[in-house]
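Engineer: Take a look at the following structure, please.
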Amino acid sequence: MRCVSLKDNKWINEITSVHENLIAEDGLNYQVIATSITLRYEMIIVRLKYTNDKIVVCEGNS
């Protein structure tokens, strides 16, 4: 396990996609569009940069 850093664009993009698609699957009449994905990405970046928020990921087969 490790914490995602601002340089981990691959992980941040994956997390962004998962967040947006989970909201859409909830049946809340929510459409995933490029703008919503970009805003979610920026939200994650800002929280990692300016708060004590951490994202922990498990890599590999552990």
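Letters A, B, ... go to the chains of the structure tokens in the order shown; residues in each chain start at 1; ligands are counted from 1 in the same order.
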Using DSSP on the backbone coordinates, identify all residues within chain A classified as alpha helix (DSSP H); present the result as number ranges by chain.
Structural biologist: A: 9-25, 34-50
Engineer: May I have the residues within 8 Å of range 11-21 of chain A as a PyMOL selection string, using only C-alpha atoms and disregarding those fewer than 2 positions away in the same chain?
Structural biologist: chain A and resi 4+8-9+23-25+32+36-37+40-41+44
Engineer: Restricting it to N, CA and C atoms, dump the selection as a JSON list (two decimals), in the first residue's frame.
Structural biologist:
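Dumped to again12.json:
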```
[["chain", "number", "residue", "atom", "x", "y", "z"],
["A", 4, "VAL", "N", -1.06, 8.04, -2.79],
["A", 4, "VAL", "CA", -1.00, 8.65, -4.12],
["A", 4, "VAL", "C", -0.44, 10.06, -3.96],
["A", 8, "ASP", "N", 1.11, 11.13, -9.53],
["A", 8, "ASP", "CA", 0.48, 9.86, -9.94],
["A", 8, "ASP", "C", -0.75, 10.10, -10.80],
["A", 9, "ASN", "N", -0.55, 10.68, -11.96],
["A", 9, "ASN", "CA", -1.67, 11.01, -12.85],
["A", 9, "ASN", "C", -2.49, 9.80, -13.24],
["A", 23, "ILE", "N", -21.34, 7.58, -9.45],
["A", 23, "ILE", "CA", -22.44, 8.53, -9.29],
["A", 23, "ILE", "C", -23.48, 8.30, -10.38],
["A", 24, "ALA", "N", -23.03, 8.11, -11.61],
["A", 24, "ALA", "CA", -23.95, 7.89, -12.73],
["A", 24, "ALA", "C", -24.74, 6.59, -12.56],
["A", 25, "GLU", "N", -24.10, 5.56, -12.02],
["A", 25, "GLU", "CA", -24.77, 4.27, -11.82],
["A", 25, "GLU", "C", -25.81, 4.32, -10.71],
["A", 32, "VAL", "N", -22.14, 11.47, -17.07],
["A", 32, "VAL", "CA", -20.70, 11.69, -17.03],
["A", 32, "VAL", "C", -20.30, 12.38, -18.33],
["A", 36, "SER", "N", -17.49, 17.20, -16.15],
["A", 36, "SER", "CA", -17.60, 16.63, -14.80],
["A", 36, "SER", "C", -16.35, 15.85, -14.43],
["A", 37, "ILE", "N", -15.76, 15.17, -15.39],
["A", 37, "ILE", "CA", -14.52, 14.44, -15.14],
["A", 37, "ILE", "C", -13.39, 15.41, -14.81],
["A", 40, "ARG", "N", -13.90, 16.87, -11.30],
["A", 40, "ARG", "CA", -13.57, 15.87, -10.27],
["A", 40, "ARG", "C", -12.05, 15.73, -10.14],
["A", 41, "TYR", "N", -11.36, 15.70, -11.28],
["A", 41, "TYR", "CA", -9.90, 15.61, -11.29],
["A", 41, "TYR", "C", -9.29, 16.80, -10.53],
["A", 44, "ILE", "N", -9.77, 16.56, -6.75],
["A", 44, "ILE", "CA", -8.83, 15.63, -6.12],
["A", 44, "ILE", "C", -7.44, 16.27, -6.01]]
```
Engineer: Pick the closest to Tyr50 in chain A from A:Thr35, A:Asp26, A:Leu6, A:Met1: which is it, counting only C-alpha atoms?
Structural biologist: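 Using only C-alpha atoms, the shortest distance to Tyr50 in chain A belongs to A:Leu6.
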Engineer: In terms of the shortest atom-to-atom distance over only C-alpha atoms, which of A:Leu22, A:Ile33, A:Leu39, A:Cys3 is closest to Asn52 in chain A?
Structural biologist: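 Closest candidate: A:Cys3.
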Engineer: What separation in Å, quoted to one decimal, exists between CA of Leu48 in chain A and CA of Lys10 in chain A?
Structural biologist: 14.8 Å
